[in-house]
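Below is target.csv, which holds CSV, C-alpha atoms.
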chain,number,residue,atom,x,y,z
G,79,ARG,CA,-15.8,10.8,-3.1
G,80,GLY,CA,-18.1,9.5,-0.5
G,81,ASP,CA,-16.2,7.1,1.7
G,82,ARG,CA,-13.4,6.5,-0.8
G,83,ASP,CA,-10.9,8.0,1.6
G,84,GLY,CA,-11.4,5.0,3.9
G,85,ARG,CA,-12.1,7.1,7.0
G,86,GLY,CA,-15.5,5.7,7.7
G,87,ASP,CA,-16.6,2.2,8.9
G,88,ARG,CA,-13.8,1.7,11.4
G,89,ASP,CA,-15.3,-1.5,12.8
G,90,GLY,CA,-15.3,-3.2,9.4
G,91,ARG,CA,-19.0,-4.1,9.7
G,92,GLY,CA,-20.4,-1.4,7.5
G,93,ASP,CA,-22.1,-1.6,4.1
G,94,ARG,CA,-20.0,0.7,2.0
G,95,ASP,CA,-20.4,-1.4,-1.1
G,96,GLY,CA,-23.8,-3.0,-0.4
G,97,ARG,CA,-22.5,-6.3,0.8
G,98,GLY,CA,-22.6,-5.6,4.5
G,99,ALA,CA,-21.7,-8.5,6.8
G,100,ALA,CA,-21.2,-10.9,3.9
G,101,TYR,CA,-18.3,-8.7,2.9
G,102,GLY,CA,-16.2,-9.7,5.9
G,103,ALA,CA,-17.8,-8.6,9.1
G,104,THR,CA,-14.7,-8.3,11.3
G,105,VAL,CA,-11.8,-8.1,8.9
G,106,ARG,CA,-9.8,-4.9,9.0
G,107,ARG,CA,-8.5,-4.2,5.5
G,108,VAL,CA,-5.4,-2.0,5.3
G,109,LEU,CA,-3.7,-0.8,2.2
G,110,ILE,CA,-0.1,0.0,2.9
G,111,THR,CA,1.4,2.3,0.2
G,112,GLY,CA,4.5,4.3,-0.4
G,113,LEU,CA,7.4,4.7,-2.6
G,114,SER,CA,10.2,2.2,-3.1
G,115,GLY,CA,12.5,2.1,-0.1
G,116,VAL,CA,10.1,3.3,2.6
G,117,GLY,CA,9.7,-0.1,4.3
G,118,LYS,CA,6.5,-1.6,3.0
G,119,SER,CA,8.1,-5.1,2.8
G,120,SER,CA,9.5,-4.9,6.3
G,121,VAL,CA,6.1,-3.8,7.7
G,122,LEU,CA,4.4,-6.7,5.9
G,123,GLU,CA,7.0,-9.2,7.3
G,124,ARG,CA,6.4,-8.0,10.8
G,125,LEU,CA,2.6,-8.1,10.5
G,126,ALA,CA,2.9,-11.7,9.1
G,127,ALA,CA,5.1,-12.6,12.0
G,128,LEU,CA,2.3,-11.4,14.3
G,129,GLY,CA,-0.1,-13.8,12.6
G,130,HIS,CA,-1.8,-11.3,10.2
G,131,ARG,CA,-2.6,-12.1,6.6
G,132,THR,CA,-0.5,-10.0,4.2
G,133,VAL,CA,-0.2,-9.6,0.5
G,134,ASP,CA,2.7,-7.9,-1.3
G,135,THR,CA,1.4,-7.0,-4.7
G,136,ASP,CA,5.0,-6.6,-6.0
G,137,LEU,CA,5.2,-10.5,-5.8
G,138,GLY,CA,3.1,-12.8,-7.9
G,139,PRO,CA,0.3,-12.0,-10.3
G,140,TRP,CA,-1.2,-8.9,-8.6
G,141,LEU,CA,0.2,-6.3,-11.1
G,142,HIS,CA,0.3,-6.0,-14.8
G,143,GLU,CA,2.0,-3.4,-17.0
G,144,VAL,CA,-0.3,-1.1,-18.9
G,145,PRO,CA,0.7,1.5,-21.6
G,146,VAL,CA,-0.1,5.0,-20.4
G,147,GLU,CA,0.0,8.1,-22.7
G,148,ASP,CA,1.3,11.3,-21.2
G,149,ALA,CA,3.0,14.4,-22.4
G,150,GLY,CA,6.3,12.6,-22.8
G,151,GLY,CA,4.8,9.8,-24.9
G,152,THR,CA,3.9,6.3,-23.9
G,153,THR,CA,5.2,4.7,-20.7
G,154,HIS,CA,4.3,1.5,-19.0
G,155,GLU,CA,3.0,1.6,-15.5
G,156,PRO,CA,2.0,-1.1,-13.0
G,157,MET,CA,-1.7,-1.5,-12.4
G,158,LEU,CA,-3.4,-3.8,-9.9
G,159,VAL,CA,-5.3,-6.6,-11.6
G,160,PRO,CA,-8.9,-5.8,-10.7
G,161,GLU,CA,-10.3,-9.3,-10.8
G,162,LEU,CA,-7.6,-10.5,-8.4
G,163,MET,CA,-8.1,-7.6,-6.0
G,164,ASP,CA,-11.8,-8.1,-6.1
G,165,GLU,CA,-11.4,-11.8,-5.1
G,166,LEU,CA,-8.9,-11.0,-2.4
G,167,LEU,CA,-11.0,-8.3,-0.8
G,168,ARG,CA,-14.2,-10.4,-1.1
G,169,THR,CA,-12.8,-13.5,0.5
G,170,ALA,CA,-10.5,-12.0,3.2
G,171,ASP,CA,-10.9,-13.6,6.6
G,172,GLY,CA,-9.2,-13.2,9.9
G,173,GLU,CA,-8.7,-10.1,12.0
G,174,LEU,CA,-6.5,-8.1,9.5
G,175,LEU,CA,-5.6,-8.1,5.9
G,176,ALA,CA,-2.7,-5.9,5.0
G,177,VAL,CA,-2.0,-5.3,1.3
G,178,ALA,CA,1.1,-3.4,0.1
G,179,ALA,CA,0.6,-1.7,-3.2
G,180,THR,CA,1.7,1.3,-5.1
G,181,ALA,CA,0.0,1.4,-8.5
G,182,ARG,CA,-1.7,3.9,-10.7
G,183,ASN,CA,-5.2,2.4,-10.1
G,184,GLN,CA,-5.0,1.7,-6.4
G,185,GLY,CA,-7.5,4.5,-5.7
G,186,ASP,CA,-10.1,2.4,-7.4
G,187,PHE,CA,-10.0,0.1,-4.3
G,188,TYR,CA,-9.8,2.7,-1.5
G,189,ASP,CA,-13.4,2.3,-0.7
G,190,ARG,CA,-12.8,-1.4,0.0
G,191,PHE,CA,-10.2,-0.7,2.7
G,192,ASP,CA,-10.7,0.5,6.2
G,193,ALA,CA,-7.5,2.4,6.1
G,194,VAL,CA,-4.9,3.6,3.6
G,195,VAL,CA,-1.5,4.0,5.3
G,196,LEU,CA,1.2,6.0,3.6
G,197,LEU,CA,4.7,5.0,4.6
G,198,SER,CA,7.2,7.8,3.9
G,199,ALA,CA,10.9,8.6,4.5
G,200,PRO,CA,13.2,11.4,3.5
G,201,VAL,CA,15.0,11.0,0.2
G,202,GLU,CA,18.4,10.3,1.8
G,203,VAL,CA,16.9,7.4,3.8
G,204,MET,CA,15.1,6.0,0.8
G,205,ALA,CA,18.4,6.2,-1.3
G,206,GLU,CA,20.3,4.4,1.4
G,207,ARG,CA,17.7,1.7,1.7
G,208,LEU,CA,17.4,1.2,-2.1
G,209,GLU,CA,21.1,0.9,-2.5
G,210,HIS,CA,21.5,-1.7,0.2
G,211,ARG,CA,18.3,-3.7,0.3
G,212,SER,CA,18.2,-7.4,-0.1
G,213,THR,CA,14.5,-8.1,-0.8
G,214,ASN,CA,14.4,-6.5,-4.2
G,215,ASP,CA,16.9,-5.4,-6.9
G,216,TYR,CA,14.8,-2.3,-7.9
G,217,GLY,CA,16.8,0.8,-7.1
G,218,LYS,CA,20.2,-0.7,-6.8
G,219,ASP,CA,21.1,0.7,-10.2
G,220,ALA,CA,21.9,4.4,-10.0
G,221,THR,CA,19.5,5.2,-12.9
G,222,GLU,CA,16.6,3.3,-11.3
G,223,ARG,CA,17.4,4.8,-7.9
G,224,ALA,CA,17.2,8.4,-9.4
G,225,GLU,CA,13.9,7.5,-11.0
G,226,ALA,CA,12.5,6.1,-7.7
G,227,LEU,CA,13.6,9.1,-5.8
G,228,ALA,CA,12.1,11.5,-8.3
G,229,TYR,CA,8.7,10.0,-7.4
G,230,LYS,CA,9.0,11.8,-4.0
G,231,GLU,CA,7.9,15.0,-5.8
G,232,THR,CA,5.5,13.6,-8.3
G,233,VAL,CA,3.8,10.5,-6.9
G,234,GLU,CA,4.0,10.8,-3.1
G,235,PRO,CA,1.7,13.9,-3.0
G,236,LEU,CA,-0.9,11.9,-4.9
G,237,LEU,CA,-0.6,9.0,-2.4
G,238,ARG,CA,-0.8,11.4,0.5
G,239,ARG,CA,-4.2,12.7,-0.7
G,240,GLY,CA,-5.8,9.3,-0.3
G,241,ALA,CA,-4.1,8.3,3.0
G,242,THR,CA,-5.9,8.1,6.3
G,243,LEU,CA,-2.6,7.9,8.1
G,244,GLU,CA,1.0,8.8,7.2
G,245,ILE,CA,4.0,7.3,9.1
G,246,ASP,CA,7.6,8.4,8.8
G,247,THR,CA,9.5,5.1,8.7
G,248,ARG,CA,12.5,6.4,10.4
G,249,THR,CA,10.5,5.4,13.4
G,250,PRO,CA,11.4,1.9,14.8
G,251,LEU,CA,9.6,-0.8,12.9
G,252,ASP,CA,7.6,-2.0,16.0
G,253,GLU,CA,6.2,1.5,16.5
G,254,VAL,CA,5.2,1.7,12.8
G,255,VAL,CA,3.4,-1.6,13.1
G,256,ALA,CA,1.7,-0.6,16.4
G,257,SER,CA,0.5,2.7,14.7
G,258,ILE,CA,-1.0,0.8,11.8
G,259,LEU,CA,-2.8,-1.7,14.1
G,260,GLY,CA,-4.0,1.1,16.4
G,261,HIS,CA,-5.3,3.0,13.4
G,262,VAL,CA,-7.7,0.2,12.6
G,263,GLY,CA,-8.7,-0.5,16.2
G,264,LEU,CA,-6.5,-3.5,16.9
G,265,ASP,CA,-4.2,-4.1,19.8
G,266,PRO,CA,-0.6,-3.8,18.8

Conversion result in structure tokens:
Amino acid sequence: RGDRDGRGDRDGRGDRDGRGAAYGATVRRVLITGLSGVGKSSVLERLAALGHRTVDTDLGPWLHEVPVEDAGGTTHEPMLVPELMDELLRTADGELLAVAATARNQGDFYDRFDAVVLLSAPVEVMAERLEHRSTNDYGKDATERAEALAYKETVEPLLRRGATLEIDTRTPLDEVVASILGHVGLDP
């Protein structure tokens, strides 16, 4: 896998993809991932309030649905749009770019991030957050909520494999954000 786990090049000046300094000499790129209801949107809001650039791939043109064949037939899954991600990661400026995403193909971009942070929470906490959240309607319906919570067993272990840091979001939000910033060598 080489550096696809995002653990190398902590100062952001490396040459992982052959572009070196032209690829954004001082930008720390962080992928924030996790299941619905773990707090990705809250973390992005706090990072933005601190003046950092953030992108929530659940909003706007970042995802498209792709048919995927599996043992149960054909399903549609969200995939990051490669051309948009390439442009975003190529032109990022500033001190930090935090991108929230949970998509089947996110691993294709791991080598372009300095860190991959998995946000997690126990199922009970996720269920409560999904039912009462105001930023997104996904998970408010009992059927959707059950589907989202089932991903704890099937999807979260896959996300954990690529993570350079995992944070339990029962921790206060300011501490979660401080951990992320510290993980990429920035002052909280």

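The shortest atom-to-atom distance to Lys230 (chain G), with all atoms listed in the file taken into account, belongs to G:Ser114 out of G:Asp215, G:Thr180, G:Val262, G:Ser114.
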
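Among the candidates G:Leu166, G:Ala176, G:Ala149, G:Leu137, the one nearest to Arg124 (chain G) when counting all atoms listed in the file is G:Ala176.
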
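Distance annotation: of G:Thr152, G:Gln184, G:Thr242, G:Thr169, the residue with the minimal separation from Trp140 (chain G) is G:Gln184; atom set is all atoms listed in the file.
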
TODO: Find the spatial neighbours of Arg248 (chain G), counting all atoms listed in the file, within a cut-off of 12 Å - ignore same-chain residues fewer than 6 positions away - and output them as a PyMOL selection string.
DONE: chain G and resi 115-117+197-204+207+254

- [ ] Can you pull out every residue within 6 Å of Met157 (chain G), counting all atoms listed in the file, but drop anything in the same chain fewer than 2 positions away, and send it as a VMD selection string?
- [x] chain G and resid 141 to 142 181 to 183

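Nearest residue to Gly138 (chain G), choosing from G:Leu208, G:Val195, G:Ala241, G:Val159 and counting all atoms listed in the file: G:Val159.
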